[in-house]
Every structure is written in C-alpha cells, then in structure tokens.
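A.B. asks: Structure provided below as structure tokens; questions to follow.
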Amino acid sequence: MSQSGTGAEGAVETVTQEFRRLYGAEPEGVWAAPGRVNLIGEYTDFNDGFVMPLALPHRAVAAVSRRPDPVLRVHSADVSQGVVRLDADALVPLSSAGWAAYPAGVVWALRQAGHPVAGADIHLASTVPTGAGLSSSAALEVVTALALNDLYELGLSAPELAVLAQRAENDFVGVPCGIMDQMASACCTDGHALHLDTRDLSQRQVPFDLAAQGLRLLVVDTRVKHALGDGAYAERRAGCEAGARALGVRALRDVAYEDLPGALDRLAAAGESENVRRYVRHVVSDDHRVERVIALLDAGDVRAVGEILVEGHVSLRDDLRVSCAELDLVVETATAAGALGARMTGGGFGGSAVVLVEEPDAEAVTKAVTEAFTSAGHTAPRIFPAIPSRGAHRLV
C-alpha cells in the first residue's frame with residue numbers, strides 16, 4: 001500500500017476494503033499516526049532532557065472495530081503473516097509475538113492502567129520505513145492507542161496515550177526507548193517541530209516552515225542496520241545513569257552546560273570510565289544544542305542550524321560512538337556538496353541522517369550522496385524530504 005501517493009481518501013478506502021475482506025464487516029473507524037525524524041537532541045530523552053522531533057508524512061493507518069469478547073485480531077498489510085489472533089486476557093510481556101507485539105502491547109498497557117478495553121479487530125498498513133530509525137514501531141503503537149481511546153471513549157489526552165504507548169514498548173515488547181518517539185507521533189503539528197521537555201512532557205510547537213525560507217530538510221535512509229546496535233542503546237543508557245549517580249543528580253539533564261568541564265573532572269576523580277565520561281559529555285552538550293537551535297529558529301536564522309547539526313553528528317560519532325561508515329559518508333558528502341549541515345538521527349549504527357540544504361542545492365546533494373554510496377559499494381540510500389506533518393488523528 002502506498003498511502004503517500006493516494007492521500008487520506010485513498011488510504012481510508014484501501015484499509016477499509018482490506019478490513020472488510022479480512023473480518024467480514026465494516027470498521028468502526030480509520031486512524032493515522034506518523035513516523036518522525038529528530039532534528040536535534042539525541043539520546044537525551046531517557047536523561048530527562050530536551051528533544052526536537054517533527055512528524056513525517058509517512059504514517060501508519062489502522063482500520064479498527066471493537067469486539068465484545070477479549071479476542072484481539074491484528075493484521076498488517078506489510079507483513080506476510082496473515083491475521084494474528086491473541087487473547088487480550090492472556091497477554092504476557094516479552095512473549096515474542098513478533099510485529100503484533102506492538103499493537104498487542106498497547107492493549108496490555110491500557111488494561112494494566114485500568115481502562116475497560118476488551119478485544120478488537122485491527123488492520124494496519126504503514127508507509128514508515130522500518131529499520132530506518134524513523135519510529136515505525138511508535139506509529140503502530142500510537143495509532144492503536146488513539147483508535148482504542150476513541151472507540152472505548154477513554155478520554156485520554158495525546159500525551160497520556162504517548163506514555164501508554166511507551167510503556168507498551170518498554171514493558172511488553174522489551175525495548176528500553178525513551179518517550180520522544182511516541183510523543184512526536186501523538187503530538188506533532190503541521191509545519192512545526194516539537195520542542196519537548198521529556199521530564200515533565202511540557203511542549204512547544206516551534207514554527208519550522210522550511211519552504212518559506214527556501215530550504216529543505218532531507219532524510220537519508222542508509223538502508224543499513226548494523227548488529228552492533230542491538231545492545232548498544234541499553235549499554236549507553238546504563239552508562240548515562242551511572243554518570244548521573246556519580247554526579248549526585250536525578251538525571252544528566254540536571255548538569256548545567258557551563259558546569260560540564262567540572263562534572264567531567266568529578267567523574268574522573270570518582271573513577272568513572274572513559275565511556276561514562278564521553279556519554280555524559282554528549283548528553284549535556286546535546287541538550288545545549290537543542291536550546292541553541294530553538295534560539296536560532298526564534299530569531300529566524302534557520303540556516304545557522306546547519307552548523308549545529310554537524311556539531312551534533314561529531315558528538316554522536318566521537319563521544320557516544322553510535323555512528324557508522326554509511327552515516328559518516330552521508331554527512332561528509334552532503335556538506336562537501338554544499339549542504340548547510342547534516343547529522344545522523346535516531347539510535348545510530350545505520351538508520352537515517354538528516355541534511356539541511358538550500359532548495360536549489362537539494363538535487364545536487366542527493367546526487368552526490370547517492371553516487372558516494374555507489375562508489376563505496378553500499379546499497380543505494382533512500383532520500384526524501386522531511387515535511388513537518390500532523391500527529392495522530394482520526395481519518396473517518
């Protein structure tokens with residue numbers, strides 16, 4: 001299914017027809033939730049820090065109906081598995097339900113929170129690239145949460161749904177992600193980036209109309225995911241938590257940027273490893289980079305954001321050490337070809353990068369990156385514009 005080419009009406013028609021074929025009835029409604037790309041602020045969300053994602057036009061669409069019994073039937077147009085049938089009364093965390101764990105985890109999280117959710121019939125279709133660091137799993141979780149919230153009249157707000165979706169991924173699927181992905185999918189708005197404080201979930205929609213500035217933000221999906229990344233996220237999270245404990249703060253968000261040199265000295269004196277010190281330096285400096293980007297956007301100086309993107313990539317590459325050859329090649333090639341700035345985005349070890357370019361330079365930068373990948377023997381990347389889009393909402 002290609003939702004991006006059919007628009008909202010086409011997406012509704014396609015998932016409705018498939019729902020009818022699968023379940024022999026009309027769905028009670030159709031909902032959508034987007035993937036996201038993060039402009040700046042990486043590995044900061046589980047440190048109570050600041051992030052700045054924007055929703056993509058790529059999205060998960062779900063046709064859903066309630067059931068009077070605890071039977072949960074889920075189907076994906078993007079997985080050749082057929083309908084997965086589960087018992088909502090017998091859902092067990094970490095039970096390896098494959099892709100179906102994401103919508104099933106949402107049902108589990110809602111019920112664990114005391115909400116009166118029974119079974120459901122769900123058909124999903126998504127245009128969010130998987131494995132690209134663009135939050136395809138969060139889109140599945142949030143669209144399921146929003147649909148059940150509406151159908152069961154739970155009255156939950158978008159941030160509350162995001163928290164429940166995060167719990168589904170953390171506790172049911174077993175991925176220790178922060179809150180950014182689900183909040184971005186649930187709460188972003190057209191034409192804006194989301195400035196999110198992950199401690200208290202306060203948010204501000206920051207105008208981010210690149211077209212009006214003659215600019216474009218490209219997403220470069222490297223189409224690779226290195227196995228090294230599997231345990232690296234958890235290891236870095238543990239290192240950040242160790243650094244916070246050694247510094248006597250609740251989270252690294254509480255270390256002022258101006259105090260970073262002193263904090264690093266204290267960590268060294270306490271015998272903390274070089275890894276912990278590097279992780280702390282990245283998180284504290286990336287929180288500061290979010291604040292600098294906000295100030296530039298408020299001042300209308302969008303082009304100056306490019307330099308901060310490159311700074312962020314260097315920190316992710318050298319301090320956090322979560323980049324890889326393909327991501328480094330994107331940044332080096334794009335900036336050499338005239339881009340204003342670029343950095344890896346997401347968890348790293350593959351996935352995607354973002355590139356800020358002048359509109360007239362977009363084609364040349366895209367060509368340069370593609371040719372560089374060919375010369376290096378890499379799979380051709382997928383490159384598309386990041387258009388700040390609407391968060392989760394009901395289509396019909």
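Scheme for the structure tokens: letters A, B, ... for chains in order shown; per-chain residue numbers from 1; ligand numbers from 1 in order shown.
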Just want the 6 Å neighbourhood of A:Glu359, counted on only C-alpha atoms, with same-chain residues fewer than 6 positions away dropped. Output as a list in words.
C.D. replies: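 Surrounding residues, per the criterion: Gly214, Leu215 and Arg216 of chain A.
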A.B. asks: Those same residues - N, CA and C atoms - I'd like them written as a compact mmCIF listing (two decimals), in the first residue's frame.
C.D. replies:
```txt
# COMPACT_ATOMS: atom_id res chain seq x y z
N GLY A 214 13.15 28.95 1.70
CA GLY A 214 13.93 28.47 0.56
C GLY A 214 14.85 27.32 0.92
N LEU A 215 14.45 26.56 1.95
CA LEU A 215 15.28 25.46 2.44
C LEU A 215 14.54 24.14 2.34
N ARG A 216 15.29 23.06 2.50
CA ARG A 216 14.70 21.73 2.54
C ARG A 216 15.48 20.87 3.54
```
A.B. asks: To test your reading of the structure, identify every residue in stretch 183-345 of chain A that backbone DSSP assigns to helix (DSSP H, G or I), and report it as a VMD selection string.
C.D. replies: chain A and resid 183 to 187 211 to 213 229 to 247 252 to 254 257 to 269 274 to 298 302 to 320 325 to 336
A.B. asks: Expressed in Å to a single decimal, how great is the separation between atom CA of A:Ala33 and atom CA of A:Pro103?
C.D. replies: 12.8 Å
A.B. asks: Give one line per residue of stretch 60-99 of chain A that approaches stretch 34-44 of chain A to at most 12 Å, naming the two atoms of the closest pair and their distance in Å to one decimal, counting only C-alpha atoms; sort by chain then ascending residue number and deliver it as JSON lines.
C.D. replies:
```
{"residue": "A:Ala60", "atom": "CA", "partner": "A:Pro34", "partner_atom": "CA", "distance": 6.1}
{"residue": "A:Val61", "atom": "CA", "partner": "A:Pro34", "partner_atom": "CA", "distance": 8.6}
{"residue": "A:Ala62", "atom": "CA", "partner": "A:Pro34", "partner_atom": "CA", "distance": 11.5}
```
A.B. asks: As a VMD selection string, please: the residues near stretch 192-206 of chain A (cut-off 10 Å, only C-alpha atoms, same-chain neighbours under 6 positions excluded).
C.D. replies: chain A and resid 37 to 41 44 to 55 159 to 160 163 178 to 180 183 to 184 251 253 290 to 291 294 297 to 298 387 to 390
A.B. asks: Please report as a tab-separated table every residue of stretch 167-192 of chain A lying within 10 Å of stretch 104-113 of chain A, along with the nearest atom pair and their distance in Å (one decimal), using only C-alpha atoms.
C.D. replies:
```
residue	atom	partner	partner_atom	distance
A:Arg167	CA	A:Ala109	CA	6.5
A:Ala168	CA	A:Gly105	CA	4.5
A:Glu169	CA	A:Gly105	CA	6.9
A:Asn170	CA	A:Gly105	CA	9.3
A:Asp171	CA	A:Gly105	CA	8.2
A:Phe172	CA	A:Gly105	CA	5.3
A:Val173	CA	A:Gly105	CA	6.7
A:Gly174	CA	A:Gly105	CA	10.0
```
A.B. asks: Restricting it to all heavy atoms, dump the selection as a JSON list (two decimals), in the first residue's frame.
C.D. replies:
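Dumped to out37.json:
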```json
[["chain", "number", "residue", "atom", "x", "y", "z"],
["A", 167, "ARG", "N", 5.00, 2.66, 27.38],
["A", 167, "ARG", "CA", 5.00, 1.54, 28.30],
["A", 167, "ARG", "C", 4.85, 0.21, 27.55],
["A", 167, "ARG", "O", 5.45, -0.80, 27.91],
["A", 167, "ARG", "CB", 3.88, 1.68, 29.34],
["A", 167, "ARG", "CG", 4.01, 0.59, 30.40],
["A", 167, "ARG", "CD", 2.99, 0.63, 31.50],
["A", 167, "ARG", "NE", 3.27, -0.49, 32.41],
["A", 167, "ARG", "CZ", 2.38, -1.07, 33.18],
["A", 167, "ARG", "NH1", 1.13, -0.64, 33.17],
["A", 167, "ARG", "NH2", 2.71, -2.07, 33.96],
["A", 168, "ALA", "N", 4.03, 0.23, 26.50],
["A", 168, "ALA", "CA", 3.89, -0.97, 25.69],
["A", 168, "ALA", "C", 5.23, -1.40, 25.11],
["A", 168, "ALA", "O", 5.59, -2.59, 25.13],
["A", 168, "ALA", "CB", 2.88, -0.72, 24.56],
["A", 169, "GLU", "N", 6.00, -0.43, 24.61],
["A", 169, "GLU", "CA", 7.29, -0.78, 24.01],
["A", 169, "GLU", "C", 8.32, -1.16, 25.06],
["A", 169, "GLU", "O", 9.10, -2.11, 24.88],
["A", 169, "GLU", "CB", 7.80, 0.37, 23.14],
["A", 169, "GLU", "CG", 9.05, 0.01, 22.36],
["A", 169, "GLU", "CD", 9.17, 0.73, 21.03],
["A", 169, "GLU", "OE1", 8.20, 1.36, 20.57],
["A", 169, "GLU", "OE2", 10.25, 0.65, 20.43],
["A", 170, "ASN", "N", 8.34, -0.44, 26.19],
["A", 170, "ASN", "CA", 9.31, -0.73, 27.25],
["A", 170, "ASN", "C", 9.02, -2.07, 27.91],
["A", 170, "ASN", "O", 9.90, -2.94, 28.00],
["A", 170, "ASN", "CB", 9.29, 0.37, 28.31],
["A", 170, "ASN", "CG", 9.90, 1.67, 27.88],
["A", 170, "ASN", "OD1", 9.84, 2.66, 28.60],
["A", 170, "ASN", "ND2", 10.49, 1.72, 26.70],
["A", 171, "ASP", "N", 7.80, -2.22, 28.40],
["A", 171, "ASP", "CA", 7.49, -3.33, 29.31],
["A", 171, "ASP", "C", 6.91, -4.56, 28.61],
["A", 171, "ASP", "O", 7.08, -5.68, 29.10],
["A", 171, "ASP", "CB", 6.51, -2.87, 30.39],
["A", 171, "ASP", "CG", 7.10, -1.77, 31.27],
["A", 171, "ASP", "OD1", 8.33, -1.60, 31.26],
["A", 171, "ASP", "OD2", 6.32, -1.08, 31.95],
["A", 172, "PHE", "N", 6.23, -4.36, 27.48],
["A", 172, "PHE", "CA", 5.64, -5.51, 26.80],
["A", 172, "PHE", "C", 6.56, -6.03, 25.70],
["A", 172, "PHE", "O", 6.86, -7.23, 25.64],
["A", 172, "PHE", "CB", 4.27, -5.14, 26.21],
["A", 172, "PHE", "CG", 3.48, -6.33, 25.75],
["A", 172, "PHE", "CD1", 2.68, -7.03, 26.64],
["A", 172, "PHE", "CD2", 3.54, -6.77, 24.43],
["A", 172, "PHE", "CE1", 1.96, -8.15, 26.23],
["A", 172, "PHE", "CE2", 2.82, -7.88, 24.01],
["A", 172, "PHE", "CZ", 2.03, -8.57, 24.91],
["A", 173, "VAL", "N", 7.03, -5.11, 24.83],
["A", 173, "VAL", "CA", 7.93, -5.53, 23.75],
["A", 173, "VAL", "C", 9.33, -5.77, 24.30],
["A", 173, "VAL", "O", 10.04, -6.67, 23.86],
["A", 173, "VAL", "CB", 7.95, -4.48, 22.62],
["A", 173, "VAL", "CG1", 8.87, -4.93, 21.48],
["A", 173, "VAL", "CG2", 6.53, -4.24, 22.09],
["A", 174, "GLY", "N", 9.74, -4.92, 25.26],
["A", 174, "GLY", "CA", 11.06, -5.09, 25.87],
["A", 174, "GLY", "C", 12.13, -4.20, 25.29],
["A", 174, "GLY", "O", 13.33, -4.49, 25.42]]
```
A.B. asks: For A:Val255, list every protein, DNA or RNA residue within 12 Å, evaluated using only C-alpha atoms, and leave out those in the same chain fewer than 2 positions away; present the list as a ChimeraX atom specification.
C.D. replies: /A:47-49,240,243-253,257-264,280-288
A.B. asks: Could you pull the residues within 12 Å of A:Glu235, counting only C-alpha atoms, minus those fewer than 2 positions along the same chain, as a list in words?
C.D. replies: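 My list of contacting residues is Tyr43, Pro176, Leu228, Gly229, Asp230, Gly231, Ala232, Tyr233, Arg237, Ala238, Gly239, Cys240, Glu241, Ala242, Asn275, Val276, Tyr279, Leu320, Arg321 and Val322 of chain A.
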A.B. asks: Export, as a PDB file, in the first residue's frame, the selected residues with N, CA, C and O atoms.
C.D. replies:
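selection21.pdb written:
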```pdb
ATOM      1  N   TYR A  43      19.626  10.767  22.240  1.00  0.00           N
ATOM      2  CA  TYR A  43      19.956  10.044  23.472  1.00  0.00           C
ATOM      3  C   TYR A  43      19.767  10.948  24.699  1.00  0.00           C
ATOM      4  O   TYR A  43      20.341  10.724  25.745  1.00  0.00           O
ATOM      5  N   PRO A 176      13.939  -0.589  25.597  1.00  0.00           N
ATOM      6  CA  PRO A 176      14.004   0.483  26.596  1.00  0.00           C
ATOM      7  C   PRO A 176      14.080   1.881  25.989  1.00  0.00           C
ATOM      8  O   PRO A 176      14.983   2.661  26.274  1.00  0.00           O
ATOM      9  N   LEU A 228      25.796  -4.340  15.714  1.00  0.00           N
ATOM     10  CA  LEU A 228      26.424  -3.736  16.889  1.00  0.00           C
ATOM     11  C   LEU A 228      25.440  -2.894  17.677  1.00  0.00           C
ATOM     12  O   LEU A 228      25.562  -2.719  18.886  1.00  0.00           O
ATOM     13  N   GLY A 229      24.418  -2.380  16.983  1.00  0.00           N
ATOM     14  CA  GLY A 229      23.463  -1.508  17.660  1.00  0.00           C
ATOM     15  C   GLY A 229      22.503  -2.228  18.578  1.00  0.00           C
ATOM     16  O   GLY A 229      21.811  -1.592  19.374  1.00  0.00           O
ATOM     17  N   ASP A 230      22.424  -3.549  18.493  1.00  0.00           N
ATOM     18  CA  ASP A 230      21.408  -4.269  19.246  1.00  0.00           C
ATOM     19  C   ASP A 230      21.492  -4.024  20.750  1.00  0.00           C
ATOM     20  O   ASP A 230      20.491  -3.764  21.409  1.00  0.00           O
ATOM     21  N   GLY A 231      22.688  -4.136  21.327  1.00  0.00           N
ATOM     22  CA  GLY A 231      22.821  -3.937  22.766  1.00  0.00           C
ATOM     23  C   GLY A 231      23.416  -2.599  23.137  1.00  0.00           C
ATOM     24  O   GLY A 231      23.546  -2.276  24.322  1.00  0.00           O
ATOM     25  N   ALA A 232      23.774  -1.799  22.106  1.00  0.00           N
ATOM     26  CA  ALA A 232      24.486  -0.552  22.376  1.00  0.00           C
ATOM     27  C   ALA A 232      23.604   0.490  23.056  1.00  0.00           C
ATOM     28  O   ALA A 232      24.066   1.252  23.907  1.00  0.00           O
ATOM     29  N   TYR A 233      22.325   0.528  22.691  1.00  0.00           N
ATOM     30  CA  TYR A 233      21.416   1.505  23.287  1.00  0.00           C
ATOM     31  C   TYR A 233      21.335   1.286  24.793  1.00  0.00           C
ATOM     32  O   TYR A 233      21.488   2.223  25.588  1.00  0.00           O
ATOM     33  N   ARG A 237      22.561   3.759  27.793  1.00  0.00           N
ATOM     34  CA  ARG A 237      21.599   4.206  28.798  1.00  0.00           C
ATOM     35  C   ARG A 237      22.121   3.906  30.200  1.00  0.00           C
ATOM     36  O   ARG A 237      22.064   4.769  31.089  1.00  0.00           O
ATOM     37  N   ALA A 238      22.648   2.714  30.390  1.00  0.00           N
ATOM     38  CA  ALA A 238      23.200   2.362  31.702  1.00  0.00           C
ATOM     39  C   ALA A 238      24.381   3.253  32.059  1.00  0.00           C
ATOM     40  O   ALA A 238      24.544   3.671  33.217  1.00  0.00           O
ATOM     41  N   GLY A 239      25.200   3.594  31.066  1.00  0.00           N
ATOM     42  CA  GLY A 239      26.336   4.477  31.318  1.00  0.00           C
ATOM     43  C   GLY A 239      25.912   5.876  31.717  1.00  0.00           C
ATOM     44  O   GLY A 239      26.513   6.495  32.606  1.00  0.00           O
ATOM     45  N   CYS A 240      24.865   6.375  31.057  1.00  0.00           N
ATOM     46  CA  CYS A 240      24.348   7.700  31.426  1.00  0.00           C
ATOM     47  C   CYS A 240      23.796   7.693  32.848  1.00  0.00           C
ATOM     48  O   CYS A 240      24.002   8.645  33.611  1.00  0.00           O
ATOM     49  N   GLU A 241      23.094   6.633  33.202  1.00  0.00           N
ATOM     50  CA  GLU A 241      22.539   6.535  34.557  1.00  0.00           C
ATOM     51  C   GLU A 241      23.655   6.441  35.591  1.00  0.00           C
ATOM     52  O   GLU A 241      23.554   7.029  36.679  1.00  0.00           O
ATOM     53  N   ALA A 242      24.735   5.731  35.245  1.00  0.00           N
ATOM     54  CA  ALA A 242      25.883   5.652  36.154  1.00  0.00           C
ATOM     55  C   ALA A 242      26.516   7.027  36.336  1.00  0.00           C
ATOM     56  O   ALA A 242      26.913   7.403  37.452  1.00  0.00           O
ATOM     57  N   ASN A 275      34.199   5.760  28.936  1.00  0.00           N
ATOM     58  CA  ASN A 275      32.909   5.662  28.254  1.00  0.00           C
ATOM     59  C   ASN A 275      31.853   6.505  28.945  1.00  0.00           C
ATOM     60  O   ASN A 275      31.127   7.275  28.303  1.00  0.00           O
ATOM     61  N   VAL A 276      31.737   6.379  30.258  1.00  0.00           N
ATOM     62  CA  VAL A 276      30.747   7.146  31.008  1.00  0.00           C
ATOM     63  C   VAL A 276      30.986   8.639  30.818  1.00  0.00           C
ATOM     64  O   VAL A 276      30.045   9.416  30.591  1.00  0.00           O
ATOM     65  N   TYR A 279      29.821   9.697  27.369  1.00  0.00           N
ATOM     66  CA  TYR A 279      28.359   9.709  27.263  1.00  0.00           C
ATOM     67  C   TYR A 279      27.788  10.959  27.940  1.00  0.00           C
ATOM     68  O   TYR A 279      26.876  11.603  27.415  1.00  0.00           O
ATOM     69  N   LEU A 320      29.556   9.553  21.796  1.00  0.00           N
ATOM     70  CA  LEU A 320      28.618   8.451  22.016  1.00  0.00           C
ATOM     71  C   LEU A 320      29.003   7.203  21.210  1.00  0.00           C
ATOM     72  O   LEU A 320      28.673   6.087  21.585  1.00  0.00           O
ATOM     73  N   ARG A 321      29.687   7.431  20.083  1.00  0.00           N
ATOM     74  CA  ARG A 321      30.172   6.355  19.214  1.00  0.00           C
ATOM     75  C   ARG A 321      29.044   5.443  18.747  1.00  0.00           C
ATOM     76  O   ARG A 321      29.094   4.231  18.900  1.00  0.00           O
ATOM     77  N   VAL A 322      28.031   6.073  18.167  1.00  0.00           N
ATOM     78  CA  VAL A 322      26.892   5.324  17.648  1.00  0.00           C
ATOM     79  C   VAL A 322      26.707   5.536  16.142  1.00  0.00           C
ATOM     80  O   VAL A 322      25.712   5.093  15.584  1.00  0.00           O
TER      81      VAL A 322
END
```
A.B. asks: Can you work out the spacing between atom CA of A:His115 and atom CA of A:Ala77 in Å, to one decimal?
C.D. replies: 28.3 Å
A.B. asks: Can you list, as an MDAnalysis selection string, every residue of stretch 24-235 of chain A that DSSP puts in strand (DSSP E or B)?
C.D. replies: chainID A and resid 29:38 50:51 53:67 71:76 84:87 119:126 192:197 203:207 215:225
A.B. asks: Would you mind telling me which residue in A:Val71, A:Arg85, A:Pro207, A:Tyr23 lies nearest to A:Ala299 when using only C-alpha atoms?
C.D. replies: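 Checking each candidate against A:Ala299, we get A:Pro207 as the closest.
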A.B. asks: Quick one: residues within 9 Å of A:Thr370, only C-alpha atoms, excluding same-chain residues fewer than 5 positions away - as a short mmCIF file (atom, residue, chain, number, x, y, z; two decimals) with N, CA, C and O atoms, in the first residue's frame?
C.D. replies:
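Okay, this is what ended up in out_25.cif:
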```
data_model
loop_
_atom_site.label_atom_id
_atom_site.label_comp_id
_atom_site.auth_asym_id
_atom_site.auth_seq_id
_atom_site.Cartn_x
_atom_site.Cartn_y
_atom_site.Cartn_z
N VAL A 330 27.33 10.02 4.58
CA VAL A 330 26.25 10.96 4.26
C VAL A 330 26.64 12.37 4.68
O VAL A 330 26.55 13.33 3.90
N VAL A 365 22.91 17.67 -4.00
CA VAL A 365 23.32 16.97 -2.78
C VAL A 365 22.82 15.53 -2.81
O VAL A 365 23.55 14.59 -2.47
N SER A 375 29.93 4.36 -5.12
CA SER A 375 31.38 4.22 -5.18
C SER A 375 31.93 3.41 -4.02
O SER A 375 32.91 2.68 -4.16
N ALA A 380 22.11 1.53 -2.39
CA ALA A 380 21.67 2.91 -2.66
C ALA A 380 20.75 3.40 -1.55
O ALA A 380 19.83 2.68 -1.14
N PRO A 381 20.98 4.61 -1.04
CA PRO A 381 20.12 5.12 0.03
C PRO A 381 18.77 5.57 -0.51
O PRO A 381 18.61 5.80 -1.71
N ARG A 382 17.81 5.67 0.39
CA ARG A 382 16.51 6.25 0.06
C ARG A 382 16.52 7.67 0.59
O ARG A 382 16.77 7.88 1.79
N ILE A 383 16.26 8.65 -0.27
CA ILE A 383 16.35 10.06 0.13
C ILE A 383 15.02 10.75 -0.18
O ILE A 383 14.49 10.65 -1.29
#
```
A.B. asks: With only C-alpha atoms as the counted atoms, please give the residues lying no more than 10 Å from A:Leu148, apart from itself and same-chain residues fewer than 2 positions off, as a list in words.
C.D. replies: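 Residues near the query, excluding close chain neighbours: Val64, Ser65, Arg66, Val106, Val107, Leu110, Val117, Ala118, Gly119, Ala120, Val142, Val143, Thr144, Ala145, Leu146, Asp150, Leu151, Tyr152, Glu153 and Leu154 of chain A.
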A.B. asks: Suppose you want the space between atom CA of A:Gly312 and atom CA of A:Ala386; what is it in Å?
C.D. replies: 18.5 Å
A.B. asks: Hey, which of A:Leu218, A:Pro93, A:Leu267, A:Ala295 ends up closest to A:Thr345? Count only C-alpha atoms.
C.D. replies: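 When distances to A:Thr345 are compared using only C-alpha atoms, the smallest one comes from A:Leu218.
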